[in-house]
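Asker: Structure provided below as structure tokens; questions to follow.
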Amino acid sequence: MANIVAIVGRPNVGKSTLFNRLTGQRHAIVDEVSGVTRDRLYGKSVWNGVEFSVVDTGGYAINSDDIFEESIRDQVTIAIEEADILLFLVDVTTGLTDYDEMLAEVIRRSNKPAFVVVNKVDTGERLPEAAYFYSLGFKELFTISSINGFGTGELMDAVVAAL
Ligand code: GDP
Ligand code: MG
């Protein structure tokens, strides 16, 4: 399968909401961490005539003090390995967390093209806070609202240009 765009990020940043918006699909939200394959959801999307697959890596969660337990690492690693582009989703309403920093390190080591996507920027008032995520050290940063669609067109323009 070619042209794979994987959405990665910690729980509750809005990965599944963005997945649904990009694919126009609805899907069951699986809470349990019960298997590496089952917890990755695939959908099709097309933008500016370019077809691509979107992967929602939503199955993993922080459910213990060990925020980087093995099952989490496995799923993130597989999603990253198979992807052509990573959308590293973060949440402007919570700001930067340790988990974000940890994922940033994993993503950097993969050497895959990655865009930081600051989600929940529902109004322009949140733009100054969103800029703070540049401190993660990635060049490309986009601000979106997966709920109302703000910024998602610009993001998709950049994604298909980079595929
Ligand atoms: P996931 O765990 O990363 O898949 O996150 P979900 O897609 O399940 O979303 C977690 C929560 O954030 C839900 O209550 C969503 O409605 C909410 N959410 C997602 N995107 C946005 C957004 O752009 N703006 C706001 N205000 N809330 C959002
Ligand atoms: Mg989810």
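Labeling convention for the structure tokens: chains A, B, ... as they appear, residues from 1 per chain, ligands from 1 in order of appearance.
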Neighbours of stretch 108-124 of chain A within 9 Å (only C-alpha atoms; same-chain residues fewer than 5 positions away dropped), as a PyMOL selection string?
Answerer: chain A and resi 13-15+18+77+80-81+83-93+103+130-131+133-134+136+138-151+155+159+162
Asker: For the selection just defined, write its residues with C-alpha atoms to a file, as a PDB file, in the first residue's frame.
Answerer:
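The result, written out as part.pdb:
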```pdb
ATOM      1  CA  VAL A  13      -5.540  14.876  21.424  1.00  0.00           C
ATOM      2  CA  GLY A  14      -8.183  14.207  18.754  1.00  0.00           C
ATOM      3  CA  LYS A  15      -6.635  11.546  16.508  1.00  0.00           C
ATOM      4  CA  LEU A  18      -9.213  13.985  12.644  1.00  0.00           C
ATOM      5  CA  THR A  77       6.714   1.862  16.114  1.00  0.00           C
ATOM      6  CA  ILE A  80       5.666   4.942  12.143  1.00  0.00           C
ATOM      7  CA  GLU A  81       7.529   2.299  10.159  1.00  0.00           C
ATOM      8  CA  ALA A  83       3.930   5.443   7.192  1.00  0.00           C
ATOM      9  CA  ASP A  84       5.179   7.775   4.485  1.00  0.00           C
ATOM     10  CA  ILE A  85       4.210  10.868   6.478  1.00  0.00           C
ATOM     11  CA  LEU A  86       3.490  11.278  10.161  1.00  0.00           C
ATOM     12  CA  LEU A  87       0.969  13.697  11.544  1.00  0.00           C
ATOM     13  CA  PHE A  88       2.136  14.252  15.102  1.00  0.00           C
ATOM     14  CA  LEU A  89      -1.005  15.497  16.809  1.00  0.00           C
ATOM     15  CA  VAL A  90      -0.822  17.622  19.952  1.00  0.00           C
ATOM     16  CA  ASP A  91      -3.477  19.473  21.927  1.00  0.00           C
ATOM     17  CA  VAL A  92      -3.431  23.246  22.385  1.00  0.00           C
ATOM     18  CA  THR A  93      -5.843  23.059  25.319  1.00  0.00           C
ATOM     19  CA  LEU A 103       6.810  10.728  21.127  1.00  0.00           C
ATOM     20  CA  ALA A 130      -0.175  26.868  19.435  1.00  0.00           C
ATOM     21  CA  ALA A 131       3.134  28.463  18.466  1.00  0.00           C
ATOM     22  CA  PHE A 133       4.748  23.693  20.142  1.00  0.00           C
ATOM     23  CA  TYR A 134       7.583  24.857  17.888  1.00  0.00           C
ATOM     24  CA  LEU A 136       9.288  20.336  19.967  1.00  0.00           C
ATOM     25  CA  PHE A 138      10.026  20.222  14.140  1.00  0.00           C
ATOM     26  CA  LYS A 139      10.105  22.558  11.176  1.00  0.00           C
ATOM     27  CA  GLU A 140       6.552  22.081   9.972  1.00  0.00           C
ATOM     28  CA  LEU A 141       3.709  23.114  12.281  1.00  0.00           C
ATOM     29  CA  PHE A 142       0.038  23.319  11.424  1.00  0.00           C
ATOM     30  CA  THR A 143      -2.854  24.562  13.497  1.00  0.00           C
ATOM     31  CA  ILE A 144      -6.204  22.879  13.050  1.00  0.00           C
ATOM     32  CA  SER A 145      -9.565  22.185  14.598  1.00  0.00           C
ATOM     33  CA  SER A 146     -10.616  18.635  13.820  1.00  0.00           C
ATOM     34  CA  ILE A 147     -14.078  19.532  15.048  1.00  0.00           C
ATOM     35  CA  ASN A 148     -14.810  22.608  12.925  1.00  0.00           C
ATOM     36  CA  GLY A 149     -12.311  22.018  10.119  1.00  0.00           C
ATOM     37  CA  PHE A 150     -10.192  25.122  10.633  1.00  0.00           C
ATOM     38  CA  GLY A 151      -6.794  24.653   8.989  1.00  0.00           C
ATOM     39  CA  LEU A 155      -2.691  20.692   6.232  1.00  0.00           C
ATOM     40  CA  VAL A 159       0.455  16.409   3.052  1.00  0.00           C
ATOM     41  CA  ALA A 162       4.917  15.841   0.407  1.00  0.00           C
TER      42      ALA A 162
END
```
Asker: Go through A:Val5, A:Arg10, A:Glu101, A:Gly137 and flag the residue nearest A:Tyr42, using only C-alpha atoms for the distances.
Answerer: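 That would be A:Val5, the residue with the smallest distance to A:Tyr42.
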Asker: Skip A:Gly43 itself and residues of its chain fewer than 6 positions away, then list as a count of residues only all residues within 8 Å of it, counting only C-alpha atoms.
Answerer: 6
Asker: If DSSP is run on the backbone, what residues of stretch 94-156 of chain A are strand (DSSP E or B)? A reply as an mmCIF file with C-alpha atoms, in the first residue's frame would be ideal.
Answerer:
```cif
data_model
loop_
_atom_site.group_PDB
_atom_site.id
_atom_site.type_symbol
_atom_site.label_atom_id
_atom_site.label_comp_id
_atom_site.auth_asym_id
_atom_site.auth_seq_id
_atom_site.Cartn_x
_atom_site.Cartn_y
_atom_site.Cartn_z
ATOM 1 C CA ALA A 114 6.601 14.581 10.224
ATOM 2 C CA PHE A 115 4.302 17.542 10.687
ATOM 3 C CA VAL A 116 3.412 18.801 14.131
ATOM 4 C CA VAL A 117 -0.338 19.322 14.039
ATOM 5 C CA VAL A 118 -1.701 21.430 16.865
ATOM 6 C CA ASN A 119 -5.319 20.395 17.273
ATOM 7 C CA LEU A 141 3.709 23.114 12.281
ATOM 8 C CA PHE A 142 0.038 23.319 11.424
ATOM 9 C CA THR A 143 -2.854 24.562 13.497
#
```
Asker: What does the distance between atom 1 (Mg, counted along the ligand's line) of ligand 2 and atom CA of A:Tyr132 come to in Å, to one decimal place?
Answerer: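 Atom-to-atom, atom 1 (Mg, counted along the ligand's line) of ligand 2 and atom CA of A:Tyr132 are spaced 23.9 Å apart.
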Asker: Of the candidates A:Val8, A:Met102, A:Val160, A:Leu127, which one gets nearest to A:Glu51 if we count only C-alpha atoms?
Answerer: A:Val160
Asker: Using only C-alpha atoms and all ligand atoms, find the one residue out of A:Tyr99, A:Val46, A:Asn20, A:Asp157 that sits nearest to ligand 2.
Answerer: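 Among A:Tyr99, A:Val46, A:Asn20, A:Asp157, it is A:Asn20 that comes nearest to ligand 2.
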